[in-house]
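This is data04.txt (compact mmCIF, C-alpha atoms and all ligand atoms).
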# COMPACT_ATOMS: atom_id res chain seq x y z
CA ALA F 276 121.05 91.78 68.53
CA VAL F 277 123.72 89.31 69.49
CA ALA F 278 125.65 90.35 72.58
CA GLY F 279 128.67 88.98 74.34
CA ALA F 280 132.33 89.08 73.51
CA GLY F 281 132.97 90.87 70.25
CA ALA F 282 129.43 92.13 69.70
CA GLY F 283 130.17 95.33 67.87
CA LYS F 284 126.83 97.07 67.96
CA ALA F 285 127.05 98.79 71.33
CA PRO F 286 127.34 102.56 71.08
CA ALA F 287 130.64 104.03 72.19
CA THR F 288 130.32 105.01 75.81
CA GLY F 289 133.03 107.64 75.70
CA GLY F 290 134.38 106.94 79.17
CA SER F 291 132.54 109.86 80.74
CA SER F 292 130.48 109.25 83.84
CA GLY F 293 128.10 112.21 83.54
CA ALA F 294 124.78 112.18 81.68
CA VAL F 295 126.20 112.95 78.27
CA ALA F 296 125.36 111.39 74.95
CA SER F 297 127.76 108.87 73.48
CA LYS F 298 129.79 109.72 70.38
CA ASP F 299 127.03 108.78 67.97
CA GLY F 300 124.63 111.15 69.77
CA LYS F 301 122.66 108.40 71.41
CA VAL F 302 121.76 108.64 75.07
CA LYS F 303 123.44 106.03 77.27
CA ALA F 304 120.23 104.15 77.95
CA THR F 305 118.88 100.62 78.07
CA PHE F 306 115.73 98.64 78.55
CA VAL F 307 115.94 96.42 81.60
CA THR F 308 113.93 93.30 82.27
CA LEU F 309 113.98 90.93 85.20
CA ALA F 310 112.69 87.57 84.08
CA ARG F 311 112.70 83.82 84.54
CA ASN F 312 113.29 81.39 81.69
CA SER F 313 109.60 80.47 81.97
CA ASP F 314 108.67 84.11 81.17
CA LEU F 315 109.91 83.75 77.59
CA ASN F 316 106.57 83.76 75.78
CA GLY F 317 105.01 86.64 77.69
CA LEU F 318 108.23 88.56 77.44
CA SER F 319 108.45 88.01 73.70
CA ASP F 320 105.05 89.71 73.35
CA SER F 321 106.27 92.68 75.39
CA ILE F 322 109.43 93.02 73.33
CA ARG F 323 107.48 93.00 70.06
CA HIS F 324 105.31 95.82 71.39
CA VAL F 325 108.26 97.93 72.46
CA GLU F 326 110.29 97.22 69.33
CA ASP F 327 107.43 97.77 66.87
CA ARG F 328 106.23 100.99 68.48
CA PHE F 329 109.58 102.51 69.39
CA ASN F 330 112.86 100.71 69.49
CA LYS F 331 113.07 99.50 65.89
CA ASN F 332 113.81 103.15 65.11
CA TYR F 333 116.26 103.72 67.97
CA ASN F 334 117.95 100.36 68.64
CA TYR F 335 118.64 100.88 72.31
CA ASP F 336 120.26 98.03 74.23
CA TRP F 337 118.32 95.65 76.41
CA VAL F 338 119.58 94.11 79.64
CA PHE F 339 117.97 90.89 80.90
CA LEU F 340 118.55 89.81 84.47
CA ASN F 341 117.71 86.56 86.22
CA ASP F 342 118.48 84.90 89.54
CA GLU F 343 119.41 81.78 87.50
CA PRO F 344 121.31 81.50 84.21
CA PHE F 345 119.20 82.14 81.12
CA SER F 346 118.71 79.14 78.84
CA GLU F 347 120.07 79.02 75.29
CA GLU F 348 116.50 78.96 74.01
CA PHE F 349 115.71 82.12 75.95
CA LYS F 350 118.77 83.95 74.65
CA ASN F 351 118.32 82.84 71.05
CA THR F 352 114.67 83.87 70.98
CA ILE F 353 115.34 87.24 72.60
CA ASN F 354 118.30 87.96 70.33
CA ALA F 355 116.04 87.49 67.32
CA LEU F 356 113.52 90.02 68.68
CA THR F 357 115.70 92.87 69.92
CA SER F 358 117.06 95.50 67.53
CA GLY F 359 119.78 96.76 69.88
CA VAL F 360 122.35 94.72 71.75
CA ALA F 361 120.81 92.22 74.17
CA LYS F 362 122.82 91.44 77.30
CA PHE F 363 122.06 88.58 79.68
CA GLY F 364 123.14 88.66 83.30
CA VAL F 365 122.89 86.55 86.42
CA ILE F 366 122.10 88.33 89.66
CA PRO F 367 124.79 88.00 92.35
CA LYS F 368 123.63 85.84 95.26
CA GLU F 369 123.87 88.68 97.81
CA HIS F 370 121.30 90.67 95.81
CA TRP F 371 118.79 87.82 95.91
CA SER F 372 118.98 86.27 99.37
CA TYR F 373 118.38 87.07 103.03
CA PRO F 374 120.72 89.62 104.59
CA GLU F 375 122.28 88.21 107.75
CA TRP F 376 120.25 90.46 110.06
CA ILE F 377 116.93 89.00 108.90
CA ASP F 378 115.23 86.51 111.23
CA LYS F 379 114.06 83.83 108.79
CA GLU F 380 111.64 82.26 111.26
CA LYS F 381 109.94 85.61 111.77
CA ALA F 382 109.80 86.06 108.00
CA ALA F 383 108.24 82.62 107.49
CA LEU F 384 105.62 83.26 110.18
CA ALA F 385 104.81 86.60 108.56
CA ARG F 386 104.28 84.86 105.21
CA GLU F 387 101.92 82.34 106.82
CA GLU F 388 99.92 85.15 108.37
CA MET F 389 99.65 86.93 105.02
CA VAL F 390 98.43 83.73 103.37
CA ARG F 391 95.69 83.53 106.00
CA LYS F 392 94.77 87.13 105.23
CA LYS F 393 94.74 86.25 101.49
CA ILE F 394 97.16 89.04 100.60
CA ILE F 395 98.34 88.75 97.00
CA TYR F 396 101.84 87.18 96.84
CA GLY F 397 101.70 87.19 100.65
CA GLY F 398 103.11 83.66 100.88
CA SER F 399 105.75 84.02 98.19
CA GLU F 400 109.44 84.08 99.05
CA PRO F 401 110.73 84.77 95.48
CA TYR F 402 108.33 87.70 95.13
CA ARG F 403 109.98 89.28 98.16
CA HIS F 404 113.47 88.80 96.73
CA MET F 405 112.17 90.30 93.49
CA CYS F 406 110.78 93.40 95.23
CA ARG F 407 113.98 93.89 97.21
CA PHE F 408 116.11 93.45 94.10
CA GLU F 409 114.05 95.93 92.06
CA SER F 410 114.15 98.37 94.98
CA GLY F 411 117.81 98.24 95.78
CA PHE F 412 119.97 96.34 93.33
CA PHE F 413 119.04 96.20 89.65
CA PHE F 414 120.80 99.51 88.98
CA ARG F 415 124.02 98.22 90.61
CA HIS F 416 124.28 95.19 88.34
CA GLU F 417 127.51 95.00 86.34
CA LEU F 418 125.59 95.13 83.03
CA MET F 419 123.86 98.39 84.04
CA LYS F 420 127.12 100.25 84.66
CA ASP F 421 127.37 101.71 81.15
CA TYR F 422 124.02 103.48 81.28
CA ASP F 423 122.49 106.73 82.49
CA TYR F 424 118.81 105.93 81.83
CA TYR F 425 116.66 102.81 81.97
CA TRP F 426 113.22 101.75 80.85
CA ARG F 427 111.78 98.80 82.75
CA VAL F 428 109.76 96.25 80.80
CA GLU F 429 107.92 93.23 82.19
CA PRO F 430 106.43 90.16 80.51
CA ASP F 431 102.89 90.47 79.10
CA VAL F 432 102.73 94.25 78.80
CA LYS F 433 101.51 96.22 75.80
CA ILE F 434 102.39 99.56 74.25
CA TYR F 435 99.33 100.90 72.46
CA CYS F 436 100.67 103.89 70.52
CA ASP F 437 103.52 104.85 68.22
CA ILE F 438 106.30 106.54 70.12
CA ASP F 439 107.68 108.85 67.48
CA TYR F 440 110.32 110.57 69.60
CA ASP F 441 113.36 109.40 71.49
CA VAL F 442 112.04 108.83 75.01
CA PHE F 443 115.52 108.72 76.53
CA LYS F 444 116.60 111.92 74.79
CA PHE F 445 113.42 113.52 76.11
CA MET F 446 114.39 112.49 79.64
CA GLN F 447 117.92 113.75 79.21
CA ASP F 448 117.12 117.04 77.44
CA ASN F 449 114.49 117.93 80.04
CA ASP F 450 116.48 116.49 82.94
CA LYS F 451 113.56 114.29 83.99
CA TRP F 452 114.43 111.63 86.55
CA TYR F 453 111.31 109.47 86.71
CA GLY F 454 108.54 108.70 84.23
CA PHE F 455 105.29 106.76 84.75
CA THR F 456 102.06 105.82 82.99
CA ILE F 457 99.73 104.53 85.73
CA SER F 458 99.40 105.31 89.44
CA LEU F 459 97.14 103.92 92.16
CA PRO F 460 97.03 103.26 95.91
CA GLU F 461 98.93 100.32 97.41
CA TYR F 462 97.24 97.66 99.59
CA LEU F 463 98.19 99.02 102.99
CA GLU F 464 98.31 95.48 104.47
CA THR F 465 101.51 94.88 102.47
CA ILE F 466 103.31 97.88 103.99
CA PRO F 467 102.13 98.42 107.61
CA THR F 468 105.42 99.97 108.79
CA LEU F 469 106.83 101.38 105.54
CA TRP F 470 105.78 104.91 106.32
CA ASP F 471 107.08 104.87 109.91
CA THR F 472 110.41 103.64 108.58
CA THR F 473 110.34 106.41 105.98
CA LYS F 474 109.67 108.98 108.68
CA LYS F 475 112.71 107.74 110.62
CA TYR F 476 114.78 108.19 107.48
CA MET F 477 113.43 111.72 106.97
CA LYS F 478 114.37 112.63 110.53
CA LYS F 479 117.83 111.14 110.19
CA TYR F 480 118.62 112.67 106.79
CA PRO F 481 116.67 115.93 106.46
CA GLN F 482 119.32 117.15 104.00
CA TYR F 483 118.09 114.65 101.41
CA ILE F 484 114.48 115.83 101.31
CA ALA F 485 113.95 117.97 98.21
CA ALA F 486 112.60 121.45 98.83
CA ASP F 487 109.97 121.38 96.11
CA ASN F 488 108.93 117.77 96.58
CA ASN F 489 105.83 115.75 95.78
CA LEU F 490 104.94 114.88 99.42
CA ASP F 491 101.36 116.10 99.08
CA TRP F 492 100.79 113.49 96.41
CA ILE F 493 101.63 110.61 98.76
CA SER F 494 100.19 112.07 101.96
CA ASP F 495 96.82 113.70 102.71
CA ASP F 496 98.06 115.12 106.01
CA LYS F 497 101.42 116.75 105.31
CA GLY F 498 103.37 113.58 105.94
CA ASP F 499 101.71 112.18 109.04
CA THR F 500 100.38 109.14 107.12
CA TYR F 501 100.92 107.58 103.69
CA ASN F 502 97.88 107.47 101.41
CA GLY F 503 99.33 104.57 99.39
CA CYS F 504 99.61 106.45 96.08
CA HIS F 505 102.41 105.02 93.97
CA PHE F 506 103.62 104.93 90.40
CA TRP F 507 103.09 101.47 88.99
CA SER F 508 106.67 100.32 88.58
CA ASN F 509 106.14 97.64 85.94
CA PHE F 510 106.51 100.61 83.57
CA GLU F 511 109.29 102.97 84.54
CA VAL F 512 111.63 105.24 82.65
CA GLY F 513 114.22 106.69 84.96
CA ALA F 514 117.57 108.34 85.50
CA LEU F 515 120.01 105.92 87.08
CA LYS F 516 121.85 108.81 88.73
CA PHE F 517 118.84 109.14 91.04
CA LEU F 518 118.84 105.50 92.14
CA ARG F 519 122.62 105.70 92.58
CA SER F 520 122.47 108.91 94.64
CA ASP F 521 123.42 108.93 98.33
CA ALA F 522 119.89 110.04 99.13
CA TYR F 523 118.33 106.98 97.49
CA LEU F 524 120.97 104.49 98.60
CA LYS F 525 120.61 105.60 102.22
CA TYR F 526 116.83 105.31 101.90
CA PHE F 527 117.11 101.75 100.61
CA GLU F 528 119.60 100.86 103.33
CA GLU F 529 117.25 102.16 106.02
CA LEU F 530 114.38 100.10 104.59
CA ASP F 531 116.51 97.01 104.13
CA GLN F 532 117.77 97.18 107.72
CA ALA F 533 114.19 97.46 108.97
CA GLY F 534 113.41 94.15 107.26
CA GLY F 535 110.00 95.00 105.79
CA PHE F 536 110.82 93.41 102.45
CA PHE F 537 110.65 90.09 104.35
CA TYR F 538 108.56 90.69 107.49
CA GLU F 539 105.90 92.51 105.47
CA ARG F 540 105.73 92.57 101.67
CA TRP F 541 107.07 95.96 100.69
CA GLY F 542 106.82 96.44 96.93
CA ASP F 543 109.40 98.19 94.79
CA ALA F 544 106.60 100.42 93.46
CA PRO F 545 105.83 102.20 96.75
CA VAL F 546 109.54 102.27 97.57
CA HIS F 547 110.52 103.96 94.28
CA SER F 548 107.47 106.22 94.44
CA ILE F 549 108.00 107.44 97.98
CA ALA F 550 111.65 108.09 97.17
CA ALA F 551 110.78 109.96 93.97
CA SER F 552 108.16 111.98 95.82
CA LEU F 553 110.45 113.02 98.68
CA LEU F 554 113.96 113.10 97.28
CA MET F 555 113.50 114.85 93.94
CA PRO F 556 111.93 118.17 93.02
CA ARG F 557 108.48 117.30 91.69
CA GLU F 558 109.20 118.82 88.27
CA LYS F 559 111.58 115.85 87.73
CA ILE F 560 108.64 113.44 87.54
CA HIS F 561 107.02 112.98 84.14
CA PHE F 562 103.66 111.47 83.25
CA PHE F 563 103.84 109.62 79.91
CA GLY F 564 100.32 110.27 78.68
CA ASP F 565 101.01 109.55 75.02
CA VAL F 566 102.45 106.03 74.82
CA GLY F 567 99.44 103.89 75.79
CA TYR F 568 100.22 101.03 78.16
CA PHE F 569 98.74 97.85 79.55
CA HIS F 570 99.76 95.56 82.38
CA VAL F 571 97.03 93.36 83.76
CA PRO F 572 94.52 94.66 84.88
CA PHE F 573 94.98 98.36 84.04
CA HIS F 574 95.18 100.32 80.80
CA ASN F 575 96.56 103.73 80.01
CA CYS F 576 94.87 104.86 76.80
CA PRO F 577 95.03 108.53 75.76
CA ILE F 578 91.43 109.79 75.91
CA ASP F 579 92.18 112.65 73.50
CA ASP F 580 90.95 111.52 70.04
CA SER F 581 93.56 113.54 68.17
CA VAL F 582 96.40 111.96 70.16
CA ARG F 583 95.04 108.44 69.62
CA LEU F 584 94.73 108.97 65.87
CA ALA F 585 98.03 110.79 65.38
CA LYS F 586 99.90 108.07 67.31
CA LYS F 587 97.94 105.16 65.79
CA CYS F 588 96.91 103.89 69.22
CA VAL F 589 95.04 100.59 69.35
CA CYS F 590 93.20 100.91 72.66
CA ASN F 591 89.72 101.79 73.84
CA LYS F 592 89.58 105.16 75.57
CA ASN F 593 86.79 103.83 77.81
CA ASP F 594 89.32 101.42 79.31
CA ASP F 595 91.67 104.23 80.32
CA PHE F 596 92.46 104.11 84.04
CA THR F 597 94.07 107.56 84.29
CA TRP F 598 90.89 109.48 85.19
CA LYS F 599 89.05 106.75 87.07
CA GLY F 600 88.17 107.24 90.73
CA TYR F 601 90.83 104.85 92.04
CA SER F 602 93.67 106.41 90.01
CA CYS F 603 96.15 108.70 91.77
CA THR F 604 97.03 110.49 88.52
CA PRO F 605 94.29 113.18 88.71
CA ARG F 606 95.75 114.21 92.07
CA PHE F 607 99.19 114.36 90.46
CA PHE F 608 97.82 116.68 87.75
CA THR F 609 96.22 118.96 90.32
CA LEU F 610 99.26 119.24 92.57
CA ASN F 611 101.52 119.89 89.60
CA ASN F 612 99.23 122.42 87.90
CA MET F 613 98.95 120.28 84.78
CA LYS F 614 96.19 120.75 82.25
CA ARG F 615 93.80 117.80 82.02
CA PRO F 616 92.77 116.58 78.56
CA THR F 617 89.36 117.80 77.40
CA GLY F 618 86.52 115.55 78.51
CA TRP F 619 88.46 113.85 81.32
CA GLU F 620 85.41 114.04 83.61
CA GLN F 621 83.46 111.72 81.30
CA PHE F 622 86.00 109.01 82.08
CA SER F 623 86.09 109.42 85.85
CA GLY F 624 83.17 107.10 86.67
P1 LIG Q 701 103.42 91.49 89.36
O1 LIG Q 701 103.51 92.39 88.16
O2 LIG Q 701 103.50 92.26 90.66
O3 LIG Q 701 102.24 90.57 89.32
O4 LIG Q 701 104.73 90.55 89.40
P2 LIG Q 701 105.43 89.75 88.21
O5 LIG Q 701 105.18 88.29 88.38
O6 LIG Q 701 105.12 90.38 86.88
O7 LIG Q 701 106.97 90.01 88.56
C1 LIG Q 701 107.56 91.26 88.39
C2 LIG Q 701 108.83 91.12 87.54
O8 LIG Q 701 109.78 90.31 88.20
C3 LIG Q 701 108.59 90.48 86.19
O9 LIG Q 701 109.48 91.07 85.27
C4 LIG Q 701 108.93 89.03 86.43
O10 LIG Q 701 109.38 88.41 85.24
C5 LIG Q 701 110.05 89.13 87.45
N1 LIG Q 701 110.10 88.05 88.43
C6 LIG Q 701 109.19 87.75 89.39
N2 LIG Q 701 109.59 86.70 90.14
C7 LIG Q 701 110.81 86.34 89.67
C8 LIG Q 701 111.76 85.32 90.03
O11 LIG Q 701 111.57 84.54 90.97
N3 LIG Q 701 112.90 85.24 89.29
C9 LIG Q 701 113.16 86.10 88.25
N4 LIG Q 701 114.29 85.96 87.57
N5 LIG Q 701 112.30 87.06 87.90
C10 LIG Q 701 111.13 87.20 88.58
MN MN Q 702 104.02 92.01 86.20

Would you kindly transcribe this structure into structure tokens?
Ligand code: GDP
Ligand code: MN
Amino acid sequence: AVAGAGAGKAPATGGSSGAVASKDGKVKATFVTLARNSDLNGLSDSIRHVEDRFNKNYNYDWVFLNDEPFSEEFKNTINALTSGVAKFGVIPKEHWSYPEWIDKEKAALAREEMVRKKIIYGGSEPYRHMCRFESGFFFRHELMKDYDYYWRVEPDVKIYCDIDYDVFKFMQDNDKWYGFTISLPEYLETIPTLWDTTKKYMKKYPQYIAADNNLDWISDDKGDTYNGCHFWSNFEVGALKFLRSDAYLKYFEELDQAGGFFYERWGDAPVHSIAASLLMPREKIHFFGDVGYFHVPFHNCPIDDSVRLAKKCVCNKNDDFTWKGYSCTPRFFTLNNMKRPTGWEQFSG
């Protein structure tokens, strides 16, 4: 998995910009991970999970991004664990700093206030750069240019089941644009003005709102207010053409100008989720109910016994979050006329 000059393992990219497979039939897709050098151990665990359950059979590339250069130890360890080509990139300063229109004093005072209110990551400056980067920039990084699809992986996550099909080919063949495993409501204290800013965008760019959208999943009152439901973005499989679309780029620009990444603590999860729910037809969104996933503190574990056995899942179905009261996924099933697995109601307590 050694990358860099002369690494010969990358699939031919064919020079076409559309979503077409490369010459060897492989989808132009990559894993993408934002990490610090100090994340190495937790990230190694995540990579083993993804490689053992899926990528050892498919050898997709893996892009690692950091706001500082990765250490030799980091690169050597990761290269030993990845079956595809691993690429290591530094984030350009302008994608990880304050835009000139942000009032830094106002931002600092807002952080202090959020510390007083004990809002998680409320006082953290890097967390805000992280959320802004994941919202607006990771897909514009030089190393992401060759790809049509991405799968985001974070440190300390688990994949519980065998994934015996090519996830990226599934996305491409079915023209899915966004895939998730877990959904839940956001703490509204982190996003007081996100919805008002979104409404301004909707008014300004009505042409970008998809006709058959997923608005009723994120709003209980036809768009008047946001109910907080979002796809948990630490797991994401997506089509980069969506994030690179005018509709999405204009949405990000509107949010970035409003300053809520710094004056509040807007997360990339609600940002991606609101965009996916408004700007794409809802059939483009896919629930991955068969991979099994964990990121502290929530599990996705298929409750269907036959799925768990067939896919050799190593999770406890009683831990599954999908059907629990706080999950937004049951609502997603209802609105999209999807069939719930047998016995789901036993897991809703
Ligand atoms: P949480 O899942 O919301 O608790 O946030 P995490 O701490 O897991 O951060 C989300 C992702 O961003 C993870 O992939 C982290 O490795 C990465 N990350 C967070 N902060 C930084 C940072 O300051 N620098 C870099 N390079 N990566 C970061
Ligand atoms: Mn995390």

Could you produce a table of the residues of chain F lying within 7 Å of ligand MN 702 (chain Q), with the nearest pair of atoms per residue and their separation in Å rounded to one decimal, using only C-alpha atoms and all ligand atoms, ordered by chain and increasing residue number, as CSV?
residue,atom,partner,partner_atom,distance
F:Glu429,CA,Q:MN702,MN,5.7
F:Pro430,CA,Q:MN702,MN,6.5
F:Asn509,CA,Q:MN702,MN,6.0
F:His570,CA,Q:MN702,MN,6.7

- Return as a list of chain:residue names the residues of protein, DNA or RNA that approach ligand LIG 701 (chain Q) to within 7 Å, with only C-alpha atoms and all ligand atoms taken into account. F:Thr308, F:Leu309, F:Ala310, F:Arg311, F:Asp314, F:Leu340, F:Asn341, F:Asp342, F:Glu343, F:Pro401, F:Tyr402, F:Met405, F:Val428, F:Glu429, F:Pro430, F:Asn509

- How many Å lie between atom CA of Ile493 of chain F and atom CA of Ser552 of chain F, rounded to one decimal? 7.3 Å

- Message: For a test of reading the model, state the distance in Å between atom CA of Phe510 of chain F and atom CA of Ala544 of chain F, rounded to one decimal.
- Response: 9.9 Å

- Message: So that I can see what lies close to Leu584 of chain F, please list as a ChimeraX atom specification the residues with an atom at most 12 Å from it, counting all atoms listed in the file and leaving out residues fewer than 5 positions away in the same chain.
- Response: /F:435-437,565,576-579,589-592

Export of the given selection (C-alpha atoms) as a PDB file, in the coordinates of the input:
ATOM      1  CA  TYR F 435      99.330 100.900  72.460  1.00  0.00           C
ATOM      2  CA  CYS F 436     100.670 103.890  70.520  1.00  0.00           C
ATOM      3  CA  ASP F 437     103.520 104.850  68.220  1.00  0.00           C
ATOM      4  CA  ASP F 565     101.010 109.550  75.020  1.00  0.00           C
ATOM      5  CA  CYS F 576      94.870 104.860  76.800  1.00  0.00           C
ATOM      6  CA  PRO F 577      95.030 108.530  75.760  1.00  0.00           C
ATOM      7  CA  ILE F 578      91.430 109.790  75.910  1.00  0.00           C
ATOM      8  CA  ASP F 579      92.180 112.650  73.500  1.00  0.00           C
ATOM      9  CA  VAL F 589      95.040 100.590  69.350  1.00  0.00           C
ATOM     10  CA  CYS F 590      93.200 100.910  72.660  1.00  0.00           C
ATOM     11  CA  ASN F 591      89.720 101.790  73.840  1.00  0.00           C
ATOM     12  CA  LYS F 592      89.580 105.160  75.570  1.00  0.00           C
TER      13      LYS F 592
END

- Query: Can you list, as an MDAnalysis selection string, every protein, DNA or RNA residue that comes within 12 Å of Trp470 of chain F when you count only C-alpha atoms, leaving out same-chain residues fewer than 2 positions away?
  - Reply: chainID F and resid 463 465:468 472:477 493:494 498:503 526 529:530 533 535 541 545:546 549:550

- Message: Restricting the calculation to only C-alpha atoms: of F:Phe562, F:Phe414, F:Tyr568, F:Trp426, which residue gets closest to Phe517 of chain F?
- Response: F:Phe414
